[in-house]
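A.B. asks: Structure below; questions to follow.
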Amino acid sequence: MTSIPVKRPIAARMRGSVQQVLALASLIAILVFFSFASPYFFTPSNLVGILMAATVTGILALGTTFVIVAGGIDLSIGTGMILCGVMTGVFLTYWGWPVWAGVTGAILFGGLIGFVNGFNVSVLGLPPFIATLGMMLVASGLSLVISGTKPIYFKEHPDFQLLMNFSVIPGARFPLGVLIFLTLTVVAGVVLGKTIVGRYAFSIGSNEAATALSGVNVVRWKLTIYTIAGLFVGIAGVLAASRLSSAQPVGGMGLELEAIAAVVIGGTSLQGGRGSIAGTVVGALIVAVLTNGLRVTAVPQEWQSVVVGCVILVAVYVDMLRRKRA
Amino acid sequence: MTSIPVKRPIAARMRGSVQQVLALASLIAILVFFSFASPYFFTPSNLVGILMAATVTGILALGTTFVIVAGGIDLSIGTGMILCGVMTGVFLTYWGWPVWAGVTGAILFGGLIGFVNGFNVSVLGLPPFIATLGMMLVASGLSLVISGTKPIYFKEHPDFQLLMNFSVIPGARFPLGVLIFLTLTVVAGVVLGKTIVGRYAFSIGSNEAATALSGVNVVRWKLTIYTIAGLFVGIAGVLAASRLSSAQPVGGMGLELEAIAAVVIGGTSLQGGRGSIAGTVVGALIVAVLTNGLRVTAVPQEWQSVVVGCVILVAVYVDMLRRKRA
Amino acid sequence: MAALLRVSGASKRFPGVQALDGVDLELRHGEVLALVGENGAGKSTLMKLLSGIDRPDEGEFFLDGSQYTPGNPRHAQELGISIIHQELNLMPDLTVAQNIFIGREPRVGGFVLSERALNRRTRELLARLGLPLEPTDLIGDLTVARQQMVEIAKALSFNARVLVMDEPTAALNETEVDTLFGLIRRFVTPATGVIYISHRMHELAQITDRITVLRDGRHVGTLDTATSTVPEVISLMVGRAITGEQRPRAAAATGDPVLSVRGLRTRALLRDVSFEVRRGEILGFAGLMGAGRTEVARAIVGADRKEGGTVAVHGREVAIAGPADAARAGIGYLSEDRKRYGVLLGRSVRDNVVLASMPRFTSPLGLVADRLIGRTATEYVDRLRIRTPSTGQLVQHLSGGNQQKTVVAKWLVRDCDVLIFDEPTRGIDVGAKDEIYALLDELAAAGKAIVMISSELPEVLRMSHRIAVMCQGRITAILDNTDATQENIMDYATRFNAEAAEGTVTT
Amino acid sequence: ACSDAADKPGGGDEKPYIALISKGFRHQFWQAVKAGAEQAAKEFNVTVTFEGAQEEGNVEQQIQLLQTVIDKKPDAIGFAAIDSQAAGPLMQQAKNDKIPVIAFDSGVDSDVPITTAATNNLAAAAEAAKHMAEKIGHEGKIAMVVHDQTSVTGVQRRDGFVDYMKKNEPKIQIVDTQYSGDPLKATDLAKAIITANPDLKGIYGSNEGAAIGVLHAVQERGLTGKMTVVGFDSGKDQIDAIKAGTMAGAITQNPVGIGYETVKAAVAAIKGETLPKTVDTGFYWYDKANIDDPKISAVLYQ
Ligand SMILES: Nc1ncnc2c1ncn2[C@@H]1O[C@H](COP(=O)(O)OP(=O)(O)OP(=O)(O)O)[C@@H](O)[C@H]1O
Ligand SMILES: Nc1ncnc2c1ncn2[C@@H]1O[C@H](COP(=O)(O)OP(=O)(O)OP(=O)(O)O)[C@@H](O)[C@H]1O
Ligand SMILES: [Mg+2]
Ligand SMILES: [Mg+2]
C-alpha cells in the first residue's frame with residue numbers, strides 16, 4: 001500500500017497539553033488583571049480564600065468530568081451534595097457514629113446516588129439529562145425530609161469542622177480542605193488519564209456503539225463512571241458540611257450548572273470523548289478567581305453576573321479560536 | 001429488483017402520533033388519579049388554574065423545543081424571560097409607550113436575546129450549553145441593573161394585567177393568557193411540523209454536517225431557530241409580568257430546567273433530530289398537573305419534589321419501553 | 001469433517017422487512033467464501049447475527065460442528081469470530097492503538113494502563129501487516145480509507161478462526177486492495193476461513209474459493225469460483241442478465257466550460273490545482289489514497305478553507321464561503337463519507353431525498369408541500385430502486401447500499417449544473433451501479449458538468465470523458481479517455497515529488 | 001451605589017471601612033437595609049460596602065462572601081447570618097483578627113457579635129396572627145404561604161404565627177402550609193390551597209414575594225374582598241392592596257432602621273464604646289387606617 005510519506009503530526013499529538021497550558025494562560029491573565037485592580041487581591045489569605053471557594057465546586061467538577069467525557073451529564077451533583085451533607089449529619093449527630101465512619105458513610109452514600117444514576121442511564125437506558133434531573137429533584141426533596149427541614153449541627157463532633165478548616169501549614173492558614181481538593185485532582189487526573197476506567201470513559205463518549213461492539217461491557221463501565229462521580233459528590237458534601245459546621249438541607253440547585261461550566265471552560269466537550277482533569281481544575285479556578293476578583297474590586301453585585309457571563313463566553317471563544325488554529 | 005412484498009407499515013407511519021397519544025395517556029392517568037384523590041381537583045376552576053400555571057413554562061418549552069430539535073439547548077430562557085418582563089416595564093412605565101408598542105418591543109427584545117444566542121452558537125461556534133449559560137448570567141444581571149433591583153409596576157397601564165387575566169368566556173373565567181398559550185401551541189406546531197424552518201431544525205439536529213453539505217445555510221437557520229426561541233421567551237416574559245401586574249427583576253433560574261424537562265418528557269430527544277410540539281405540551285401539562293395535584297391533595301411540600309422526580313423518571317422510562325417495543 | 005462454520009435456516013425480520021428467510025451457509029476450513037447479493041439482500045444482517053449483535057428469529061449456527069449461540073460481540077470474538085462491519089466502528093477521539101486494542105489494553109497491575117506497551121504492540125502489529133499507520137494518530141484525523149485499514153488491523157489482531165469482512169474494500173483503491181488480499185492469503189490456514197462480502201465482482205476471482213449468493217433474504221446458490229463467470233454470478237444475484245463492464249461511448253464533449261478551477265491551494269495538501277469541466281462532460285479523478293481528490297472537492301464547495309485559487313461557474317467567478325454558496329452557484333457535492341456527511345440517519349428516506357432542494361418544495365409562506373415531497377421521493381425510490389418499505393422509513397434502517405442510493409437521489413433532485421460525486425458507487429451492487437452509470441450518462445447528456453472521483457479504476461475508465469490524475473495534492477496529468485490505461489494512470493498517480501514528500505504535506 | 005468604596009475599601013488611612021454581609025441583595029427589603037446603611041455611612045463619615053448571597057438563603061455563598069471580606073481586613077463587619085452556626089469558624093477568625101462584628105436582621109448564635117440589630121420575627125408573626133384572627137372573627141380555616149421552609153426568618157414567621165393561634169384562638173384552624181417566596185410560584189401555590197379548601201377564610205403570606213403571590217391568587221380566583229389576606233414586609237403591591245382594601249394589612253419591619261442601626265453600632269464599636277446586647281429595630285402592623293401615618297410611611301419602601 002503506497003501512501004504519501006508525511007511528517008509525524010506533532011501538532012495533533014501535542015494538542016492535549018497545549019490546550020491546558022493555554023487555558024492556564026487565560027487564568028493567569030485574569031489573575032494579573034485583578035492583582036493590578038486591587039491591592040487586596042494578590043495576598044496569600046485571599047488566594048487561599050479563592051482556593052477554598054473553588055474546593056466544593058471543583059470537586060464536583062472533577063467527578064462530573066468523568067461523566068461528561070463519557071458523553072453523559074449529571075445534574076444531580078448540586079442537590080446530591082446537599083443530601084450527602086445531610087447524611088453526614090444523620091450519621092454523626094443522629095446516630096452518633098465516629099467521624100471516620102460517618103464521613104466514609106456519607107461518601108459511600110454519594111457513590112450510591114451515582115450508582116442509581118448510572119443504573120437509570122445504562123441499565124434502564126434513560127437519557128442522562130432526565131435520569132439525573134429526576135435524581136436532582138429526589139435528592140433535594142430527601143434532604144428536607146431526612147433533616148426535618150432543619151439544619152443538622154455537629155454538636156457531638158465539634159472537631160468535624162477541622163476536616164475543611166484545619167491548617168496544614170501551622171500559622172499560614174492553609175486549610176486541609178484545599179489540600180484534599182488538590183489531592184483529589186491528582187487522583188482524578190490519574191484515574192482519567194492512566195487507567196482503564198478513564199480509557200473506557202473516553203471510548204464510550206467517543207462512540208458508545210462502537211465501544212460496545214468492541215466487546216467492552218458498556219453498561220458496567222457507565223455504572224462505574226457515574227458511581228465515581230457520585231463518590232466525588234459525597235466528598236464535596238462532607239467538606240461543605242464541615243466548612244459550615246452544619247448540614248444545610250437546602251440549596252445546591254444551580255451548583256450543577258456551575259460545575260458543568262467549569263468542566264466545559266476547561267475544554268471538555270459536552271459531546272463526550274474529549275477532555276481533561278487539568279482543564280477542569282483550570283476552569284473551576286477561572287470561575288472562582290473571577291467571582292472573588294469582582295468582589296474584592298467591589299464591582300456592584302448586580303453587575304457581577306453580567307461580567308462572569310461575558311468572561312465565560314470570551315474565554316471559551318478564545319479557547320476555540322486557538323484550537324481551530326492548532 | 002423485486003422488492004419484498006410487505007404489509008403496509010402502518011405501525012411505522014402512525015408512530016409519531018401514537019407516541020403523543022401515549023404520553024397523553026400517562027397524563028390522563030395522572031389526571032384520573034388525582035381526581036379520585038381529591039374532590040377539588042377535577043373542577044373547572046382548578047383545571048384552568050393548572051393551565052395558567054403551565055402557561056409561562058409551557059411557552060418557554062415551546063420555543064426550546066425548536067432549539068433542542070436542532071440539537072442545541074437554551075439555558076437562558078428562565079432569566080431571559082425575567083429580563084423581557086423588565087423590558088416591558090421599561091417600555092410601558094419608564095418610557096410611557098402604549099401597551100401594544102411595549103409588548104411588541106419586549107417580544108422583539110426576547111428575539112434579540114435569542115439572536116445573540118444564535119450568533120454565539122452558529123457564527124462564533126460556541127457550544128450551545130456555554131453560549132446560553134453565559135446569556136443566562138448576563139440576563140439575570142441585566143434585569144437587576146436595568147430595573148434598579150426594584151420591581152417595576154405598570155401604573156400608567158393598569159389594564160396591562162388583562163393580557164394574562166382577561167376572561168375570554170364571560171363569566172367562565174377562562175383567562176386570555178391560557179388562550180394565548182393554546183394559540184401559540186398551534187402556531188409552534190405548524191412552524192415545526194409544516195414549514196421549512198421546522199424541517200431544517202430536524203435536519204440540523206439529525207446531522208448538521210450533512211445538512212450543511214447539502215447546501216443548506218446552517219448558520220442562518222440556526223440563527224433563525226434561536227431567534228424563534230427568543231421570541232417565545234419574550235412572550236412568556238410579557239405574560240408573566242402581566243400576571244403579576246409588575247416586572248419582577250429576580251428569579252427565573254431553574255425555570256430553564258423545568259422547561260427542558262417538559263420538552264424531554266414529551267419525547268423530544270436531547271440528541272436532536274426527534275421531537276414534537278404536541279409532546280412538549282403534554283410534557284408541560286404533566287409537570288403542571290403533578291405539581292398542582294400534590295398541592296391540592298396537601299402532600300407535604302418536602303415530599304413533592306421527590307414525587308415529581310420519581311414520576312418524571314417513570315414517565316420517561318415507560319415512554320421508552322413503549323417506543324422500543326414499537 | 002464438519003464445516004468450520006455452518007448457518008442453518010437463519011431468519012430475521014425487521015418491522016416491514018423480512019431481511020433473512022431461512023438462509024443456509026457453509027464455510028469450509030481453509031477457504032475464502034464470497035457472500036454476494038444486491039443491496040438489501042441481507043448480507044450484513046446475517047453477519048450481525050453471527051457476531052451476536054442481533055438475535056435470529058429462527059435458525060442455528062455451528063462452529064466446527066458444535067452449536068454456537070453468540071450472546072454478544074465479545075462472546076463471538078472469544079469463540080474466534082472476528083468481524084469488520086460495513087459501517088466503520090471506531091472511536092474518533094481515540095488513537096489508532098487505543099482503537100485496535102480497546103477492551104484488551106495492556107495493563108500494569110489491574111487497572112493502570114501501559115500506554116508504552118500499547119503503542120509498541122500496535123507498532124509491531126502494523127509492521128507485521130505492512131500498514132502505514134502511526135499508533136498515536138487520532139482516528140478522527142484519518143481519511144475513511146485509513147480508518148478502514150485500522151478496522152482491518154483490529155480484526156486481524158485477534159486470534160480469529162473465522163474472519164468476516166463486510167465490504168472491506170469499498171473505501172480502498174486497487175493498490176490498497178492488493179495489500180489487503182496479501183493479508184487475507186496469509187491469514188488463511190487449514191484451521192481458518194474467511195467470509196468476504198463485496199460488490200466488486202472482479203475481486204471475487206482474485207481471492208475467493210466459492211461464492212454464496214443471497215437474493216431477497218434467501219440463499220439462491222453457491223458456486224465454485226474457478227468454474228463460474230461473473231455474468232453467471234450476477235444473474236443469480238439479480239435474477240436477470242446484466243451486460244457488465246464496457247468502455248464508454250462517444251468522445252470528449254466539446255461544450256463550454258461550466259466549472260473552471262484555477263490555482264486551487266489549501267494549507268494542508270493542495271498545490272495549484274487547475275482544471276475545467278465542460279457542458280455534458282464527465283471528468284474523472286483518479287489517484288492513490290490521500291492524493292487529495294476529496295480535498296479538491298471539499299475546497300471547491302467551501303467545506304474546507306482555501307488558501308488560494310478561484311472557482312468560476314459558466315465563466316463567472318464565484319465567491320464560495322460554504323456549501324450553501326456552492327449550492328447557490330449550482331455546484332452540488334456528494335461526499336465519500338456517507339455516514340458523517342451524507343445521510344441524516346435518524347430521518348426518513350423522504351426527508352433525505354429532498355434535503356438539498358427544500359426551497360423548491362416550499363410555498364412563499366414557508367409551508368412545505370408534503371404531498372409533492374412524497375411524490376418526488378417515491379419517484380426517485382422507484383427510479384434508483386431503493387429498497388425500502390416506504391419513503392417514511394428511517395434511513396438508519398436501510399442497508400448500506402440503499403443509503404448510498406438515497407444520497408445520490410438527493411443530488412439528482414437538486415438538479416445542479418455541476419455535480420461532484422465522490423465515490424458515488426461506494427457499496428452499491430452491480431445492478432444498481434449500472435443504473436447509476438446510466439443516470440450519470442443521462443445527466444451528462446442533459447448538459448450537466450460532472451466530476452466523478454472514484455477509487456475504482458475500471459469505473460473511472462468506463463465513465464469519464466477525461467481523467468485527472470492526482471498525486472500529493474497536485475494534478476499530475478489530465479488524460480483523454482482514449483489515451484488512458486490503468487498502467488499510465490498508475491504511473492501518473494505515483495509521480496511523487498521528492499521535496500513535497502518531505503515537507504509540504506504537513507502543517 | 002457602593003462604588004464609592006471601589007477604589008480603596010478599608011484603606012483605614014482616613015475613613016473607617018465597614019463591610020455588611022446580608023442574606024441576599026436582590027429583594028427590595030435588602031435594598032432598603034442597604035439604603036439605611038448608606039444613610040448612616042454618610043452621617044458618620046465611614047465607607048460601607050453591602051453584599052448578599054446571589055441566591056437568598058445560600059449559606060455556602062454567604063460564607064464565601066464573609067471569607068472574602070475578612071481577608072480585606074475591614075474595621076468592622078455587619079453580618080446577617082443565614083445560618084448562624086455555619087459561620088462559627090469565620091466568626092472566630094474575625095475575633096482573632098480583632099474585627100468587631102455586628103449582627104443584623106437575625107441573631108448570630110455565637111458570642112463574637114457585639115450586638116444584634118434585628119426584628120423580633122416571632123413577635124412580629126404573632127402580631128400578624130392576632131390581626132388575622134380579629135379580621136376573620138376568631139374562627140374558621142386559614143392557610144399560610146411561607147417564603148422559606150428552612151431559614152430562620154421563614155421558620156420564625158411561621159412558628160410565631162402558628163403558636164399564637166394555638167395559644168389564643170382555639171376555633172381557628174390552620175389547614176395548609178406551603179412554601180415559596182417567588183411571586184409567580186406563590187400565586188399557583190395559593191390557588192391550589194384555595195381550591196383544596198373552599199371554605200378558607202384567610203391566608204397569611206410571610207414575606208413580600210409570598211404575600212404578592214397570595215394577593216394575585218385571590219384576585220385570579222375572584223375572591224377579592226371575600227378572603228382575608230395578611231402580609232409581611234412592604235413594597236408597592238402590598239401598599240396598594242392595603243389602600244384598596246384587598247389586603248387586610250401587613251407587618252413591616254424597619255429595614256432602613258436595621259441598616260442604619262447596624263452601621264451606627266459598628267461605628268461605636270470601632271471607637272471602643274460599649275453597646276447593649278441587642279438593638280430592637282422594631283416592627284409595625286399597618287393597614288388602611290394607619291398607612292398614611294408618618295411613623296408608618298417612614299418605614300415602608302415602595
Ligand atoms: N434495524 C433494521 N430495521 C429495519 N430494517 C432493517 C434493519 N436492518 C436491516 N434492515 C433491512 O434488512 C434488509 C437487509 O439489509 P442488509 O443490511 O443485511 O443488506 P445488505 O445485503 O448488507 O445490503 P448492502 O449491500 O446494501 O450492504 C434491508 O432491506 C434493510 O433495509
Ligand atoms: N499520510 C497521511 N496521513 C494522514 N492524513 C493524510 C495523509 N495523506 C493525506 N492525508 C489527509 O487526507 C486528506 C487528503 O486526502 P483526500 O481524502 O483528499 O484524498 P483522496 O484522494 O480523496 O483519497 P481517499 O479518499 O481515497 O483517501 C487531507 O486532509 C490530508 O491531510
Ligand atoms: Mg451490507
Ligand atoms: Mg477521497
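Each chain of the C-alpha cells is named A, B, ... in the order shown, its residues numbered from 1; ligands are numbered from 1 in display order.
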Taking only C-alpha atoms and all ligand atoms into account, report as a PyMOL selection string which residues have an atom no farther than 8 Å from an atom of ligand 1.

C.D. replies: chain C and resi 13-20+36-47+86+166-167+198-199+214+217+387-389+396-403+427-429

A.B. asks: Can you write out the residues you just picked, keeping C-alpha atoms, as a CSV table (one decimal), in the first residue's frame?

C.D. replies:
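This went into selection-v3.csv:
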chain,number,residue,atom,x,y,z
C,13,ARG,CA,-37.5,-10.0,10.4
C,14,PHE,CA,-37.5,-6.2,10.9
C,15,PRO,CA,-40.6,-4.1,11.0
C,16,GLY,CA,-41.8,-4.2,7.4
C,17,VAL,CA,-38.9,-6.2,6.1
C,18,GLN,CA,-38.1,-9.9,6.0
C,19,ALA,CA,-34.3,-9.4,5.9
C,20,LEU,CA,-33.4,-13.1,6.1
C,36,VAL,CA,-22.7,-11.6,-2.6
C,37,GLY,CA,-26.1,-10.2,-3.3
C,38,GLU,CA,-27.9,-7.0,-4.2
C,39,ASN,CA,-28.2,-4.1,-1.8
C,40,GLY,CA,-30.5,-5.1,0.9
C,41,ALA,CA,-30.2,-8.8,0.2
C,42,GLY,CA,-29.4,-9.5,3.8
C,43,LYS,CA,-25.7,-9.9,3.9
C,44,SER,CA,-24.9,-7.5,6.7
C,45,THR,CA,-27.9,-8.8,8.6
C,46,LEU,CA,-26.5,-12.3,8.5
C,47,MET,CA,-23.2,-11.1,9.8
C,86,GLN,CA,-19.7,-2.4,6.8
C,166,ASP,CA,-18.3,-6.8,5.1
C,167,GLU,CA,-17.2,-4.7,2.1
C,198,SER,CA,-18.1,-7.3,-1.8
C,199,HIS,CA,-19.9,-5.7,-4.7
C,214,LEU,CA,-28.2,-14.2,-1.5
C,217,GLY,CA,-33.0,-12.7,2.1
C,387,ARG,CA,-35.2,-1.0,-1.3
C,388,THR,CA,-37.4,0.4,1.5
C,389,PRO,CA,-40.8,-0.5,2.8
C,396,GLN,CA,-30.7,4.1,9.5
C,397,HIS,CA,-32.8,1.0,8.8
C,398,LEU,CA,-31.7,0.8,5.2
C,399,SER,CA,-28.9,-1.4,4.0
C,400,GLY,CA,-25.6,0.4,3.3
C,401,GLY,CA,-26.1,0.4,-0.5
C,402,ASN,CA,-29.6,1.7,-0.2
C,403,GLN,CA,-28.4,4.5,2.0
C,427,GLY,CA,-21.2,0.0,-1.5
C,428,ILE,CA,-23.6,-0.2,-4.4
C,429,ASP,CA,-24.4,-3.5,-6.0

A.B. asks: Using only C-alpha atoms and all ligand atoms, find each residue with an atom at most 7 Å away from ligand 2 and format the answer as a PyMOL selection string.

C.D. replies: (chain A and resi 3-6) or (chain C and resi 141-146+171-173+268-269+287-296+455+505)

A.B. asks: Near Phe42 of chain B, counting only C-alpha atoms, which residues have an atom at most 9 Å away, once you skip same-chain residues fewer than 5 positions from it, shown as a list in words?

C.D. replies: Leu31, Val32, Phe34, Ser35, Phe36 and Leu47 of chain B

A.B. asks: Could you write out the selected residues, including N, CA and C atoms, as a compact mmCIF listing (two decimals), in the first residue's frame?

C.D. replies:
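What landed in result_5.txt:
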# COMPACT_ATOMS: atom_id res chain seq x y z
N LEU B 31 -54.15 12.54 35.78
CA LEU B 31 -55.38 13.30 36.00
C LEU B 31 -56.41 12.45 36.74
N VAL B 32 -56.59 11.23 36.27
CA VAL B 32 -57.59 10.36 36.89
C VAL B 32 -57.22 10.09 38.34
N PHE B 34 -55.54 11.88 40.47
CA PHE B 34 -55.80 12.99 41.39
C PHE B 34 -57.29 13.28 41.52
N SER B 35 -58.03 12.97 40.46
CA SER B 35 -59.48 13.21 40.55
C SER B 35 -60.08 12.34 41.64
N PHE B 36 -59.54 11.13 41.80
CA PHE B 36 -60.04 10.29 42.86
C PHE B 36 -59.48 10.71 44.21
N LEU B 47 -58.81 23.27 36.99
CA LEU B 47 -58.19 22.91 35.71
C LEU B 47 -57.67 24.16 35.01

A.B. asks: Based on only C-alpha atoms, which of the residues in chain A come within 6 Å of chain B? I want them as a PDB file with C-alpha atoms, in the first residue's frame.

C.D. replies:
ATOM      1  CA  GLY A 134     -35.056  13.255  38.335  1.00  0.00           C
ATOM      2  CA  LEU A 137     -35.399  16.627  42.427  1.00  0.00           C
ATOM      3  CA  VAL A 138     -35.469  13.470  44.508  1.00  0.00           C
ATOM      4  CA  GLY A 141     -36.680  16.570  48.499  1.00  0.00           C
ATOM      5  CA  LEU A 144     -35.577  18.189  53.523  1.00  0.00           C
ATOM      6  CA  VAL A 145     -37.429  15.057  54.543  1.00  0.00           C
ATOM      7  CA  GLU A 302     -25.827  43.256  40.151  1.00  0.00           C
ATOM      8  CA  TRP A 303     -23.081  43.688  37.556  1.00  0.00           C
ATOM      9  CA  SER A 305     -23.142  38.018  36.938  1.00  0.00           C
ATOM     10  CA  VAL A 306     -23.100  40.101  33.758  1.00  0.00           C
ATOM     11  CA  GLY A 309     -21.301  35.589  31.865  1.00  0.00           C
ATOM     12  CA  LEU A 313     -18.249  33.471  26.661  1.00  0.00           C
TER      13      LEU A 313
END

A.B. asks: Taking only C-alpha atoms into account, report as a PyMOL selection string which residues of chain D lie within 6 Å of chain A.

C.D. replies: chain D and resi 6+58+71+86+150

A.B. asks: Atoms to include: all heavy atoms. Write the selected residues as a PDB file, in the first residue's frame.

C.D. replies:
ATOM      1  N   ALA D   6     -15.094  51.508  45.848  1.00  0.00           N
ATOM      2  CA  ALA D   6     -14.454  50.641  44.861  1.00  0.00           C
ATOM      3  C   ALA D   6     -12.938  50.719  44.904  1.00  0.00           C
ATOM      4  O   ALA D   6     -12.253  49.723  44.793  1.00  0.00           O
ATOM      5  CB  ALA D   6     -14.926  51.006  43.469  1.00  0.00           C
ATOM      6  N   ASN D  58     -28.587  30.916  50.410  1.00  0.00           N
ATOM      7  CA  ASN D  58     -27.491  30.017  50.091  1.00  0.00           C
ATOM      8  C   ASN D  58     -26.334  30.242  51.065  1.00  0.00           C
ATOM      9  O   ASN D  58     -25.555  31.174  50.948  1.00  0.00           O
ATOM     10  CB  ASN D  58     -27.035  30.246  48.652  1.00  0.00           C
ATOM     11  CG  ASN D  58     -26.053  29.191  48.211  1.00  0.00           C
ATOM     12  OD1 ASN D  58     -25.226  28.742  48.987  1.00  0.00           O
ATOM     13  ND2 ASN D  58     -26.145  28.803  46.954  1.00  0.00           N
ATOM     14  N   ASP D  71     -10.806  38.722  54.686  1.00  0.00           N
ATOM     15  CA  ASP D  71      -9.477  38.841  54.102  1.00  0.00           C
ATOM     16  C   ASP D  71      -9.131  40.290  53.749  1.00  0.00           C
ATOM     17  O   ASP D  71      -7.975  40.639  53.611  1.00  0.00           O
ATOM     18  CB  ASP D  71      -9.363  37.952  52.855  1.00  0.00           C
ATOM     19  CG  ASP D  71      -9.326  36.485  53.235  1.00  0.00           C
ATOM     20  OD1 ASP D  71      -9.037  36.191  54.411  1.00  0.00           O
ATOM     21  OD2 ASP D  71      -9.602  35.626  52.382  1.00  0.00           O
ATOM     22  N   ALA D  86     -23.282  28.025  61.077  1.00  0.00           N
ATOM     23  CA  ALA D  86     -22.423  27.722  59.946  1.00  0.00           C
ATOM     24  C   ALA D  86     -21.263  28.705  59.871  1.00  0.00           C
ATOM     25  O   ALA D  86     -20.208  28.402  59.341  1.00  0.00           O
ATOM     26  CB  ALA D  86     -23.224  27.759  58.650  1.00  0.00           C
ATOM     27  N   THR D 150     -36.735  26.615  55.587  1.00  0.00           N
ATOM     28  CA  THR D 150     -35.631  26.302  56.482  1.00  0.00           C
ATOM     29  C   THR D 150     -34.953  27.511  57.123  1.00  0.00           C
ATOM     30  O   THR D 150     -34.321  27.360  58.153  1.00  0.00           O
ATOM     31  CB  THR D 150     -34.542  25.516  55.728  1.00  0.00           C
ATOM     32  OG1 THR D 150     -34.134  26.296  54.618  1.00  0.00           O
ATOM     33  CG2 THR D 150     -35.070  24.190  55.259  1.00  0.00           C
TER      34      THR D 150
END
